[in-house]
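Listing of upload_24.cif, mmCIF, C-alpha atoms
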data_my_file
#
loop_
_atom_site.group_PDB
_atom_site.id
_atom_site.type_symbol
_atom_site.label_atom_id
_atom_site.label_comp_id
_atom_site.auth_asym_id
_atom_site.auth_seq_id
_atom_site.Cartn_x
_atom_site.Cartn_y
_atom_site.Cartn_z
ATOM 1 C CA VAL A 113 4.188 -7.258 13.759
ATOM 2 C CA GLN A 114 6.704 -7.586 10.938
ATOM 3 C CA LEU A 115 5.723 -6.766 7.369
ATOM 4 C CA GLN A 116 7.324 -8.297 4.299
ATOM 5 C CA ALA A 117 6.609 -6.711 0.942
ATOM 6 C CA SER A 118 7.183 -8.467 -2.345
ATOM 7 C CA GLY A 119 6.128 -8.527 -5.979
ATOM 8 C CA GLY A 120 8.022 -5.604 -7.440
ATOM 9 C CA GLY A 121 9.900 -5.797 -10.691
ATOM 10 C CA LEU A 122 10.654 -4.255 -14.058
ATOM 11 C CA VAL A 123 7.696 -3.952 -16.396
ATOM 12 C CA GLN A 124 6.693 -1.961 -19.436
ATOM 13 C CA ALA A 125 4.143 0.810 -19.498
ATOM 14 C CA GLY A 126 0.651 -0.641 -19.601
ATOM 15 C CA ASP A 127 1.610 -3.817 -17.779
ATOM 16 C CA SER A 128 0.330 -5.022 -14.425
ATOM 17 C CA LEU A 129 1.929 -6.074 -11.161
ATOM 18 C CA ARG A 130 0.551 -7.320 -7.883
ATOM 19 C CA LEU A 131 2.398 -6.413 -4.733
ATOM 20 C CA SER A 132 1.951 -8.456 -1.593
ATOM 21 C CA CYS A 133 2.560 -7.560 2.018
ATOM 22 C CA THR A 134 2.535 -10.415 4.490
ATOM 23 C CA ALA A 135 2.482 -9.871 8.215
ATOM 24 C CA SER A 136 4.066 -12.088 10.811
ATOM 25 C CA GLY A 137 4.061 -11.965 14.569
ATOM 26 C CA ARG A 138 0.337 -11.576 14.987
ATOM 27 C CA SER A 139 -2.814 -11.288 12.962
ATOM 28 C CA PHE A 140 -3.256 -7.863 11.458
ATOM 29 C CA SER A 141 -6.880 -8.304 10.550
ATOM 30 C CA SER A 142 -7.653 -5.453 12.934
ATOM 31 C CA ASP A 143 -5.092 -3.093 11.414
ATOM 32 C CA THR A 144 -5.571 -0.275 9.039
ATOM 33 C CA VAL A 145 -3.197 -1.000 6.176
ATOM 34 C CA GLY A 146 -1.711 1.210 3.531
ATOM 35 C CA TRP A 147 0.698 1.401 0.634
ATOM 36 C CA PHE A 148 3.102 4.273 0.125
ATOM 37 C CA ARG A 149 5.784 4.855 -2.476
ATOM 38 C CA GLN A 150 8.950 6.849 -2.820
ATOM 39 C CA ALA A 151 10.617 7.742 -6.083
ATOM 40 C CA PRO A 152 14.267 8.816 -6.146
ATOM 41 C CA GLY A 153 14.715 12.344 -4.879
ATOM 42 C CA THR A 154 11.148 12.651 -3.677
ATOM 43 C CA GLU A 155 9.302 12.282 -0.403
ATOM 44 C CA ARG A 156 7.321 9.207 0.451
ATOM 45 C CA GLU A 157 3.764 9.556 -0.772
ATOM 46 C CA PHE A 158 0.498 7.855 -0.029
ATOM 47 C CA VAL A 159 -0.903 5.426 -2.576
ATOM 48 C CA ALA A 160 -3.789 3.490 -1.038
ATOM 49 C CA ALA A 161 -5.282 2.457 2.295
ATOM 50 C CA LEU A 162 -7.867 0.081 3.668
ATOM 51 C CA ARG A 163 -9.287 0.620 7.116
ATOM 52 C CA TRP A 164 -9.506 -2.221 9.609
ATOM 53 C CA THR A 165 -13.291 -2.144 9.460
ATOM 54 C CA GLY A 166 -13.192 -2.714 5.711
ATOM 55 C CA GLY A 167 -15.397 -0.379 3.787
ATOM 56 C CA ASN A 168 -14.331 1.630 0.792
ATOM 57 C CA PRO A 169 -10.627 1.786 0.059
ATOM 58 C CA TYR A 170 -8.936 5.159 -0.203
ATOM 59 C CA TYR A 171 -6.627 6.039 -3.084
ATOM 60 C CA LYS A 172 -4.301 8.716 -4.311
ATOM 61 C CA ASP A 173 -6.097 10.447 -7.159
ATOM 62 C CA SER A 174 -3.538 9.517 -9.788
ATOM 63 C CA VAL A 175 -3.958 5.766 -9.163
ATOM 64 C CA LYS A 176 -7.754 5.633 -8.914
ATOM 65 C CA GLY A 177 -9.173 3.215 -11.437
ATOM 66 C CA ARG A 178 -5.777 1.576 -11.955
ATOM 67 C CA PHE A 179 -4.755 0.314 -8.508
ATOM 68 C CA THR A 180 -6.743 -1.856 -6.129
ATOM 69 C CA ILE A 181 -5.906 -2.539 -2.491
ATOM 70 C CA SER A 182 -7.316 -5.650 -0.891
ATOM 71 C CA ARG A 183 -6.644 -7.940 2.020
ATOM 72 C CA ASP A 184 -6.867 -11.647 2.761
ATOM 73 C CA ASN A 185 -7.056 -11.976 6.523
ATOM 74 C CA ALA A 186 -6.763 -15.748 6.338
ATOM 75 C CA LYS A 187 -3.337 -15.290 4.749
ATOM 76 C CA ASN A 188 -2.468 -12.226 6.834
ATOM 77 C CA THR A 189 -1.673 -10.496 3.572
ATOM 78 C CA VAL A 190 -2.515 -7.211 1.890
ATOM 79 C CA TYR A 191 -2.288 -6.765 -1.853
ATOM 80 C CA LEU A 192 -1.879 -3.887 -4.233
ATOM 81 C CA GLN A 193 -2.988 -4.781 -7.736
ATOM 82 C CA MET A 194 -1.505 -2.273 -10.155
ATOM 83 C CA ASN A 195 -2.828 -2.139 -13.697
ATOM 84 C CA SER A 196 -2.047 0.158 -16.620
ATOM 85 C CA LEU A 197 1.267 1.046 -15.064
ATOM 86 C CA LYS A 198 2.965 4.263 -16.125
ATOM 87 C CA PRO A 199 6.601 5.347 -15.914
ATOM 88 C CA LYS A 200 5.621 7.850 -13.214
ATOM 89 C CA ASP A 201 4.589 4.903 -11.034
ATOM 90 C CA THR A 202 8.249 3.943 -10.750
ATOM 91 C CA ALA A 203 9.194 3.929 -7.071
ATOM 92 C CA VAL A 204 9.949 1.815 -4.060
ATOM 93 C CA TYR A 205 6.624 0.697 -2.653
ATOM 94 C CA TYR A 206 6.155 0.257 1.083
ATOM 95 C CA CYS A 207 3.350 -1.380 2.961
ATOM 96 C CA ALA A 208 2.374 -0.025 6.347
ATOM 97 C CA ALA A 209 -0.022 -0.876 9.132
ATOM 98 C CA ARG A 210 -1.444 0.488 12.338
ATOM 99 C CA TYR A 211 -3.481 -1.454 14.816
ATOM 100 C CA ASN A 212 -7.092 -0.400 14.761
ATOM 101 C CA ARG A 213 -8.346 2.917 13.525
ATOM 102 C CA ILE A 214 -6.909 5.814 11.588
ATOM 103 C CA ILE A 215 -9.410 8.558 10.891
ATOM 104 C CA GLN A 216 -10.060 9.085 7.202
ATOM 105 C CA SER A 217 -8.443 12.497 7.068
ATOM 106 C CA GLN A 218 -5.180 10.979 8.329
ATOM 107 C CA LEU A 219 -5.018 7.890 6.120
ATOM 108 C CA THR A 220 -2.549 9.631 3.820
ATOM 109 C CA ASN A 221 -0.247 10.596 6.687
ATOM 110 C CA ALA A 222 2.718 8.210 6.879
ATOM 111 C CA ALA A 223 3.366 9.228 10.482
ATOM 112 C CA MET A 224 0.108 7.588 11.534
ATOM 113 C CA TYR A 225 1.335 4.104 10.603
ATOM 114 C CA THR A 226 3.267 2.118 13.155
ATOM 115 C CA TYR A 227 4.660 -0.782 11.189
ATOM 116 C CA TRP A 228 6.477 -0.692 7.866
ATOM 117 C CA GLY A 229 7.711 -3.253 5.397
ATOM 118 C CA GLN A 230 11.125 -3.021 3.796
ATOM 119 C CA GLY A 231 9.934 -1.835 0.391
ATOM 120 C CA THR A 232 9.812 -3.421 -3.032
ATOM 121 C CA LEU A 233 11.037 -1.696 -6.189
ATOM 122 C CA VAL A 234 8.693 -1.166 -9.105
ATOM 123 C CA THR A 235 10.242 0.096 -12.321
ATOM 124 C CA VAL A 236 8.041 0.947 -15.277
ATOM 125 C CA SER A 237 9.777 1.538 -18.589
ATOM 126 C CA SER A 238 8.267 3.585 -21.392
#
Please, can you express the file's structure as structure tokens?
Amino acid sequence: VQLQASGGGLVQAGDSLRLSCTASGRSFSSDTVGWFRQAPGTEREFVAALRWTGGNPYYKDSVKGRFTISRDNAKNTVYLQMNSLKPKDTAVYYCAARYNRIIQSQLTNAAMYTYWGQGTLVTVSS
């Protein structure tokens, strides 16, 4: 499966953005999907994940209440709605997927994801 991320841009603090990640090649309705980000000079970090069975999403603590991950299986697309953006949210955002299950304790582990999108840059100015 190939993942294509989009929706990044330059916004001001407090603004919102919605990132999209569209899969091609096969349906990824049975994949666990996640969003990661990487700021300059830092390691890639987990942001949010949604298991293939649905259920409660899983978020990095600093984005809880501001970011929402969701999926539209009919469109083969995963979204990351980002509200109340802060300058520290500035990063390249990557979507990722793995067919079937990732245990909850490993959802934050980038190595568990098989497929990656190319990244989309989000810049939040103060």
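Omitting Leu197 in chain A and its sequence neighbours fewer than 5 positions away, and counting all atoms listed in the file, the residues within 9 Å are Val123, Gln124, Ala125, Gly126, Asp127, Ser128, Leu129, Arg178, Phe179, Thr202 and Val236 of chain A.
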Check your understanding: Can you list, as a VMD selection string, the residues that the PyMOL selection byres ((chain A and resi 185-193) around 9) selects here?
Key -> chain A and resid 128 to 136 138 to 141 145 to 147 160 178 to 184 194 to 195 207
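Here CA of Thr144 in chain A stands at a distance of 4.4 Å from CA of Trp164 in chain A.
Nearest to Ala222 in chain A of all the residues A:Lys176, A:Lys198, A:Arg163, A:Arg210 is A:Arg210, based on all atoms listed in the file.
Across A:Leu122, A:Val175, A:Met224, A:Leu233, the tightest approach to Ala208 in chain A is made by A:Met224 when counting all atoms listed in the file.
Minimum distance to Ile215 in chain A across A:Val113, A:Leu162, A:Lys200, A:Gln150 (counting only C-alpha atoms) occurs at A:Leu162.
The residue that comes closest to Gly120 in chain A, out of A:Asn168, A:Ser238, A:Thr232, A:Ser217 and on the basis of all atoms listed in the file, is A:Thr232.
Closest approach to Glu157 in chain A from the set A:Arg213, A:Val204, A:Gly229, A:Gln114 is made by A:Val204, with distances taken over all atoms listed in the file.
In this structure, CA of Gly121 in chain A sits 21.7 Å away from CA of Tyr171 in chain A.
Nearest-residue note for Phe148 in chain A: choosing from A:Gly177, A:Lys172, A:Tyr211, A:Gln216, the minimum distance belongs to A:Lys172, counting only C-alpha atoms.
Atom to atom, CA of Glu155 in chain A and CA of Asn212 in chain A stand 25.7 Å apart.
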